[in-house]
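The data block below is input03.txt; it holds compact mmCIF, C-alpha atoms and all ligand atoms.
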```txt
# COMPACT_ATOMS: atom_id res chain seq x y z
CA MET A 1 -4.14 -5.35 17.29
CA LYS A 2 -7.89 -5.37 17.06
CA ILE A 3 -9.48 -2.64 15.00
CA THR A 4 -12.45 -1.33 16.94
CA SER A 5 -13.17 1.75 14.87
CA ALA A 6 -12.36 2.85 11.34
CA GLU A 7 -13.76 6.07 9.96
CA PHE A 8 -13.29 7.92 6.73
CA VAL A 9 -11.83 11.37 7.41
CA ILE A 10 -11.12 13.23 4.17
CA SER A 11 -10.02 12.91 0.53
CA ASN A 12 -7.51 15.32 -0.95
CA THR A 13 -5.49 16.11 -4.02
CA ASP A 14 -3.30 18.47 -2.04
CA VAL A 15 -1.00 17.06 0.62
CA LEU A 16 -1.05 20.39 2.43
CA LYS A 17 -4.77 19.99 3.04
CA CYS A 18 -4.42 16.55 4.66
CA PRO A 19 -5.45 16.35 8.35
CA ASN A 20 -3.44 18.64 10.53
CA SER A 21 -2.74 16.12 13.24
CA LYS A 22 0.08 14.54 15.16
CA LEU A 23 -1.26 11.01 14.81
CA PRO A 24 1.08 8.43 13.30
CA GLU A 25 0.26 7.60 9.71
CA TYR A 26 0.66 4.49 7.55
CA ALA A 27 0.26 4.72 3.78
CA PHE A 28 -0.63 2.02 1.28
CA ILE A 29 0.85 2.49 -2.15
CA GLY A 30 1.50 0.40 -5.24
CA ARG A 31 0.47 -0.11 -8.83
CA SER A 32 -3.09 0.44 -9.91
CA ASN A 33 -5.21 -2.62 -9.27
CA VAL A 34 -2.66 -4.30 -6.96
CA GLY A 35 -5.28 -4.47 -4.20
CA LYS A 36 -4.59 -1.48 -1.91
CA SER A 37 -8.21 -0.58 -1.24
CA SER A 38 -9.22 -4.23 -0.82
CA LEU A 39 -6.45 -4.78 1.72
CA ILE A 40 -7.52 -1.70 3.68
CA ASN A 41 -11.07 -3.05 3.83
CA ASN A 42 -9.79 -6.44 4.91
CA LEU A 43 -7.51 -5.00 7.60
CA THR A 44 -10.23 -2.81 9.03
CA GLY A 45 -12.97 -5.40 8.67
CA LYS A 46 -15.14 -2.85 6.83
CA LYS A 47 -16.08 -4.05 3.39
CA LYS A 48 -16.93 -0.65 1.98
CA LEU A 49 -14.47 1.65 3.71
CA ALA A 50 -12.19 2.13 0.70
CA MET A 51 -13.53 1.95 -2.82
CA VAL A 52 -12.57 -1.16 -4.75
CA SER A 53 -12.85 -1.74 -8.48
CA GLY A 54 -11.83 -4.27 -11.07
CA LYS A 55 -10.87 -1.32 -13.26
CA PRO A 56 -7.45 0.10 -12.49
CA GLY A 57 -7.25 3.77 -11.51
CA LYS A 58 -10.18 3.70 -9.07
CA THR A 59 -8.50 5.58 -6.23
CA ARG A 60 -7.53 9.06 -7.47
CA LEU A 61 -7.14 10.91 -4.19
CA ILE A 62 -5.24 10.79 -0.91
CA ASN A 63 -7.78 9.17 1.43
CA HIS A 64 -7.38 9.41 5.18
CA PHE A 65 -9.04 6.98 7.57
CA LEU A 66 -8.90 7.27 11.35
CA ILE A 67 -8.29 3.93 13.03
CA ASN A 68 -9.04 3.24 16.70
CA LYS A 69 -9.02 7.03 17.13
CA ASN A 70 -5.24 6.92 17.37
CA TRP A 71 -3.64 6.45 13.97
CA HIS A 72 -4.26 7.27 10.34
CA LEU A 73 -4.35 4.83 7.52
CA VAL A 74 -3.96 6.31 4.03
CA ASP A 75 -5.19 4.87 0.75
CA LEU A 76 -3.22 6.35 -2.14
CA PRO A 77 -3.86 6.25 -5.88
CA GLY A 78 -2.00 3.58 -7.77
CA TYR A 79 1.00 4.44 -9.88
CA GLY A 80 1.82 3.12 -13.32
CA TYR A 81 -1.67 3.00 -14.74
CA ALA A 82 -1.01 2.40 -18.43
CA LYS A 83 -4.15 3.96 -19.85
CA VAL A 84 -3.52 7.58 -18.90
CA SER A 85 -1.54 10.15 -20.90
CA LYS A 86 2.11 10.90 -20.17
CA THR A 87 1.22 14.34 -18.82
CA GLU A 88 -1.37 12.83 -16.51
CA LYS A 89 1.17 10.22 -15.33
CA LYS A 90 3.72 12.93 -14.52
CA LYS A 91 1.11 14.93 -12.65
CA PHE A 92 0.19 11.87 -10.61
CA GLN A 93 3.79 11.02 -9.90
CA ARG A 94 4.45 14.55 -8.61
CA PHE A 95 1.35 14.40 -6.46
CA ILE A 96 2.36 11.07 -4.90
CA GLU A 97 5.95 12.21 -4.41
CA SER A 98 4.83 15.39 -2.71
CA TYR A 99 2.74 13.33 -0.28
CA PHE A 100 5.81 11.32 0.73
CA GLU A 101 8.08 14.35 0.89
CA LYS A 102 5.76 16.59 2.90
CA ARG A 103 3.81 14.27 5.13
CA HIS A 104 5.95 14.21 8.24
CA GLN A 105 3.35 12.21 10.15
CA LEU A 106 4.12 9.25 7.90
CA VAL A 107 5.67 6.43 9.92
CA ASN A 108 5.79 3.69 7.32
CA ALA A 109 4.82 3.14 3.70
CA PHE A 110 3.50 -0.25 2.70
CA VAL A 111 4.44 -0.90 -0.90
CA LEU A 112 2.03 -3.43 -2.36
CA VAL A 113 3.10 -5.79 -5.11
CA ASP A 114 1.13 -8.56 -6.77
CA LEU A 115 2.70 -11.87 -5.78
CA ARG A 116 1.77 -13.37 -9.14
CA HIS A 117 4.13 -11.18 -11.12
CA GLU A 118 7.89 -10.98 -11.58
CA PRO A 119 9.54 -7.97 -9.92
CA GLN A 120 8.60 -4.93 -12.01
CA PRO A 121 11.11 -2.12 -12.65
CA LEU A 122 8.53 0.50 -11.68
CA ASP A 123 8.05 -1.03 -8.22
CA LEU A 124 11.76 -1.50 -7.67
CA GLU A 125 12.40 2.10 -8.76
CA PHE A 126 9.74 3.35 -6.41
CA MET A 127 11.30 1.45 -3.47
CA GLN A 128 14.66 2.87 -4.49
CA TRP A 129 13.16 6.37 -4.42
CA LEU A 130 11.75 5.77 -0.94
CA GLY A 131 15.16 4.58 0.18
CA VAL A 132 16.93 7.65 -1.23
CA ASN A 133 14.39 9.85 0.53
CA ALA A 134 14.84 7.93 3.80
CA ILE A 135 11.18 6.95 3.96
CA PRO A 136 10.76 3.68 5.90
CA PHE A 137 8.84 1.08 3.96
CA SER A 138 7.83 -2.55 3.98
CA ILE A 139 6.48 -4.74 1.21
CA ILE A 140 3.06 -6.32 1.12
CA PHE A 141 2.62 -9.10 -1.41
CA THR A 142 -1.03 -9.24 -2.45
CA LYS A 143 -3.47 -11.73 -3.95
CA ALA A 144 -1.69 -14.79 -2.48
CA ASP A 145 -4.97 -16.72 -2.85
CA LYS A 146 -4.49 -16.69 -6.61
CA LEU A 147 -1.38 -18.87 -6.37
CA LYS A 148 -0.67 -22.39 -5.20
CA PRO A 149 1.63 -22.39 -2.14
CA LYS A 150 4.60 -23.72 -4.16
CA ALA A 151 4.26 -21.02 -6.82
CA ALA A 152 3.88 -18.38 -4.11
CA GLU A 153 7.10 -19.57 -2.47
CA LYS A 154 8.94 -19.53 -5.78
CA ASN A 155 7.80 -16.00 -6.64
CA LEU A 156 8.71 -14.79 -3.19
CA ALA A 157 12.22 -16.22 -3.55
CA THR A 158 12.65 -14.56 -6.96
CA TYR A 159 11.52 -11.25 -5.52
CA GLN A 160 13.91 -11.50 -2.60
CA GLU A 161 16.79 -12.30 -4.92
CA GLN A 162 16.02 -9.24 -7.04
CA LEU A 163 15.76 -7.01 -3.99
CA LEU A 164 19.12 -8.19 -2.74
CA THR A 165 20.75 -6.93 -5.94
CA HIS A 166 19.62 -3.41 -4.90
CA TRP A 167 19.60 -3.57 -1.12
CA GLU A 168 21.94 -4.99 1.47
CA GLU A 169 19.04 -6.14 3.58
CA LEU A 170 15.50 -7.10 2.79
CA PRO A 171 12.79 -4.76 4.03
CA PRO A 172 10.13 -6.33 6.24
CA TYR A 173 7.56 -8.09 4.08
CA PHE A 174 4.13 -9.68 4.38
CA VAL A 175 2.31 -12.18 2.20
CA THR A 176 -1.40 -11.35 2.13
CA SER A 177 -4.75 -12.07 0.59
CA SER A 178 -7.74 -9.83 1.06
CA GLN A 179 -9.89 -12.73 0.07
CA THR A 180 -8.74 -15.18 2.76
CA GLY A 181 -7.40 -12.69 5.29
CA GLN A 182 -3.91 -14.23 5.07
CA GLY A 183 -1.27 -11.93 6.58
CA LYS A 184 -3.81 -9.56 8.10
CA GLU A 185 -2.79 -10.16 11.73
CA ASP A 186 0.89 -9.79 10.87
CA VAL A 187 0.38 -6.41 9.23
CA LEU A 188 -1.78 -5.15 12.09
CA ASN A 189 0.67 -6.38 14.72
CA TYR A 190 3.53 -4.75 12.84
CA ILE A 191 1.70 -1.40 12.96
CA ASP A 192 0.77 -1.93 16.60
CA ASN A 193 4.36 -2.63 17.58
CA ILE A 194 5.56 0.58 15.93
CA ASN A 195 2.73 2.58 17.55
CA GLN A 196 3.66 1.20 20.99
CA SER A 197 7.38 1.92 20.65
P1 LIG A 201 -6.52 1.42 -7.67
O1 LIG A 201 -7.32 2.18 -6.64
O2 LIG A 201 -7.17 1.41 -9.00
O3 LIG A 201 -5.11 1.84 -7.72
O4 LIG A 201 -6.56 -0.15 -7.27
P2 LIG A 201 -6.28 -0.83 -5.87
O5 LIG A 201 -4.84 -1.14 -5.72
O6 LIG A 201 -6.93 -0.08 -4.76
O7 LIG A 201 -7.01 -2.25 -6.07
P3 LIG A 201 -8.45 -2.71 -5.56
O8 LIG A 201 -8.42 -2.97 -4.09
O9 LIG A 201 -9.48 -1.78 -6.08
O10 LIG A 201 -8.54 -4.17 -6.25
C1 LIG A 201 -8.40 -4.35 -7.63
C2 LIG A 201 -9.03 -5.69 -8.03
O11 LIG A 201 -8.29 -6.78 -7.48
C3 LIG A 201 -10.47 -5.86 -7.55
O12 LIG A 201 -11.18 -6.53 -8.56
C4 LIG A 201 -10.32 -6.73 -6.31
O13 LIG A 201 -11.46 -7.49 -6.04
C5 LIG A 201 -9.13 -7.63 -6.68
N1 LIG A 201 -8.37 -8.05 -5.49
C6 LIG A 201 -7.79 -7.24 -4.59
N2 LIG A 201 -7.16 -7.96 -3.63
C7 LIG A 201 -7.37 -9.25 -3.90
C8 LIG A 201 -6.97 -10.49 -3.27
O14 LIG A 201 -6.29 -10.56 -2.25
N3 LIG A 201 -7.36 -11.64 -3.90
C9 LIG A 201 -8.09 -11.65 -5.05
N4 LIG A 201 -8.41 -12.82 -5.57
N5 LIG A 201 -8.48 -10.51 -5.66
C10 LIG A 201 -8.14 -9.33 -5.11
MG MG A 202 -7.75 1.79 -4.72
```

Can I see the file as structure tokens?
Amino acid sequence: MKITSAEFVISNTDVLKCPNSKLPEYAFIGRSNVGKSSLINNLTGKKKLAMVSGKPGKTRLINHFLINKNWHLVDLPGYGYAKVSKTEKKKFQRFIESYFEKRHQLVNAFVLVDLRHEPQPLDLEFMQWLGVNAIPFSIIFTKADKLKPKAAEKNLATYQEQLLTHWEELPPYFVTSSQTGQGKEDVLNYIDNINQS
């Protein structure tokens, strides 16, 4: 799929105020700093569409973008940001959960994980939660440019092994880099195929 238009629509803290539309929606979620906003910019080819920062916790709102006038892409705040209070974390968690529970337009969640790190309990728990709530998801491994191909392969195999202790089947997954554009076409084609079906 070629992205011909990508426009910011609205930012929200309340899922009930998100666009009242029937368009299919794809959400990008994962730990703070994993590269959600960067990937969105890379996918859409617009460098400044979503706000990127080296400091975790940049995205604090549910951000809707309209793509090719026929689907929504959603940039969500990262979970698991260590430097906020417990109360703040709980508040955030509830806010993210309510998005997933109430947003019936959601077709697929992309859970982003940093390919450099071992599987983290928080990410695995989040995928588990999506599974329990019957929310379709796929995994996007990010920052592949920061690893040599051999190390990337090794980390991928470790991740798959871990997933198979929780799941009977692996969810679809993509290895990406917002810096080199690796995996971009695969993610876009995946979305396109779902939109066409
Ligand atoms: P929050 O909004 O804080 O949850 O973060 P986020 O997941 O949206 O991450 P963001 O896109 O803001 O990127 C965080 C940092 O990682 C920035 O410094 C990016 O430049 C860097 N980064 C993101 N993706 C990549 C990538 O593929 N390769 C490299 N080398 N750096 C990346
Ligand atoms: Mg962000």

Checklist entry - Would you name the residues within 10 Å of ligand LIG 201 (chain A), counting all atoms listed in the file, and put them as a ChimeraX atom specification? => result /A:28-42,50-61,75-81,112-115,141-147,175-182

Write the selection just made, keeping C-alpha atoms, as a PDB file, in the coordinates of the input?
```pdb
ATOM      1  CA  PHE A  28      -0.630   2.020   1.280  1.00  0.00           C
ATOM      2  CA  ILE A  29       0.850   2.490  -2.150  1.00  0.00           C
ATOM      3  CA  GLY A  30       1.500   0.400  -5.240  1.00  0.00           C
ATOM      4  CA  ARG A  31       0.470  -0.110  -8.830  1.00  0.00           C
ATOM      5  CA  SER A  32      -3.090   0.440  -9.910  1.00  0.00           C
ATOM      6  CA  ASN A  33      -5.210  -2.620  -9.270  1.00  0.00           C
ATOM      7  CA  VAL A  34      -2.660  -4.300  -6.960  1.00  0.00           C
ATOM      8  CA  GLY A  35      -5.280  -4.470  -4.200  1.00  0.00           C
ATOM      9  CA  LYS A  36      -4.590  -1.480  -1.910  1.00  0.00           C
ATOM     10  CA  SER A  37      -8.210  -0.580  -1.240  1.00  0.00           C
ATOM     11  CA  SER A  38      -9.220  -4.230  -0.820  1.00  0.00           C
ATOM     12  CA  LEU A  39      -6.450  -4.780   1.720  1.00  0.00           C
ATOM     13  CA  ILE A  40      -7.520  -1.700   3.680  1.00  0.00           C
ATOM     14  CA  ASN A  41     -11.070  -3.050   3.830  1.00  0.00           C
ATOM     15  CA  ASN A  42      -9.790  -6.440   4.910  1.00  0.00           C
ATOM     16  CA  ALA A  50     -12.190   2.130   0.700  1.00  0.00           C
ATOM     17  CA  MET A  51     -13.530   1.950  -2.820  1.00  0.00           C
ATOM     18  CA  VAL A  52     -12.570  -1.160  -4.750  1.00  0.00           C
ATOM     19  CA  SER A  53     -12.850  -1.740  -8.480  1.00  0.00           C
ATOM     20  CA  GLY A  54     -11.830  -4.270 -11.070  1.00  0.00           C
ATOM     21  CA  LYS A  55     -10.870  -1.320 -13.260  1.00  0.00           C
ATOM     22  CA  PRO A  56      -7.450   0.100 -12.490  1.00  0.00           C
ATOM     23  CA  GLY A  57      -7.250   3.770 -11.510  1.00  0.00           C
ATOM     24  CA  LYS A  58     -10.180   3.700  -9.070  1.00  0.00           C
ATOM     25  CA  THR A  59      -8.500   5.580  -6.230  1.00  0.00           C
ATOM     26  CA  ARG A  60      -7.530   9.060  -7.470  1.00  0.00           C
ATOM     27  CA  LEU A  61      -7.140  10.910  -4.190  1.00  0.00           C
ATOM     28  CA  ASP A  75      -5.190   4.870   0.750  1.00  0.00           C
ATOM     29  CA  LEU A  76      -3.220   6.350  -2.140  1.00  0.00           C
ATOM     30  CA  PRO A  77      -3.860   6.250  -5.880  1.00  0.00           C
ATOM     31  CA  GLY A  78      -2.000   3.580  -7.770  1.00  0.00           C
ATOM     32  CA  TYR A  79       1.000   4.440  -9.880  1.00  0.00           C
ATOM     33  CA  GLY A  80       1.820   3.120 -13.320  1.00  0.00           C
ATOM     34  CA  TYR A  81      -1.670   3.000 -14.740  1.00  0.00           C
ATOM     35  CA  LEU A 112       2.030  -3.430  -2.360  1.00  0.00           C
ATOM     36  CA  VAL A 113       3.100  -5.790  -5.110  1.00  0.00           C
ATOM     37  CA  ASP A 114       1.130  -8.560  -6.770  1.00  0.00           C
ATOM     38  CA  LEU A 115       2.700 -11.870  -5.780  1.00  0.00           C
ATOM     39  CA  PHE A 141       2.620  -9.100  -1.410  1.00  0.00           C
ATOM     40  CA  THR A 142      -1.030  -9.240  -2.450  1.00  0.00           C
ATOM     41  CA  LYS A 143      -3.470 -11.730  -3.950  1.00  0.00           C
ATOM     42  CA  ALA A 144      -1.690 -14.790  -2.480  1.00  0.00           C
ATOM     43  CA  ASP A 145      -4.970 -16.720  -2.850  1.00  0.00           C
ATOM     44  CA  LYS A 146      -4.490 -16.690  -6.610  1.00  0.00           C
ATOM     45  CA  LEU A 147      -1.380 -18.870  -6.370  1.00  0.00           C
ATOM     46  CA  VAL A 175       2.310 -12.180   2.200  1.00  0.00           C
ATOM     47  CA  THR A 176      -1.400 -11.350   2.130  1.00  0.00           C
ATOM     48  CA  SER A 177      -4.750 -12.070   0.590  1.00  0.00           C
ATOM     49  CA  SER A 178      -7.740  -9.830   1.060  1.00  0.00           C
ATOM     50  CA  GLN A 179      -9.890 -12.730   0.070  1.00  0.00           C
ATOM     51  CA  THR A 180      -8.740 -15.180   2.760  1.00  0.00           C
ATOM     52  CA  GLY A 181      -7.400 -12.690   5.290  1.00  0.00           C
ATOM     53  CA  GLN A 182      -3.910 -14.230   5.070  1.00  0.00           C
TER      54      GLN A 182
END
```

Checklist entry - What does the distance from atom CA of A:Lys17 to atom MG of ligand MG 202 (chain A) come to in Å, to one decimal? => result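 Spanning atom CA of A:Lys17 to atom MG of ligand MG 202 (chain A) is a straight-line distance of 20.0 Å.
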
Kindly list the centre and edge lengths in Å, rounded to one decimal, for the axis-aligned box that covers all listed atoms of stretch 25-44 of chain A plus 8 Å on each of its six sides, as JSON.
```
{"center_x": -4.8, "center_y": 0.6, "center_z": -0.1, "size_x": 28.6, "size_y": 30.0, "size_z": 35.6}
```

Checklist entry - For the point (2.5, 15.0, -8.1) in file coordinates, what residues are within 12 Å, counting only C-alpha atoms? Give the answer as a ChimeraX atom specification? => result /A:13-15,60-62,76-77,79,87-102

Find the nearest atom pair between each residue of stretch 52-131 of chain A and stretch 149-166 of chain A for residues within 9 Å, count all atoms listed in the file, give distances in Å to one decimal, sort rows by chain and ascending number, and present the table as a tab-separated table.
```
residue	atom	partner	partner_atom	distance
A:Leu115	CA	A:Asn155	CA	6.6
A:Arg116	CA	A:Asn155	CA	7.0
A:His117	CA	A:Asn155	CA	7.5
A:Glu118	CA	A:Asn155	CA	7.0
A:Pro119	CA	A:Tyr159	CA	5.8
A:Leu124	CA	A:Leu163	CA	7.7
A:Gln128	CA	A:His166	CA	8.0
```

Checklist entry - Separation of atom CA of A:Asn108 and atom CA of A:Ile3, in Å? => result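 Separation between atom CA of A:Asn108 and atom CA of A:Ile3: 18.2 Å.
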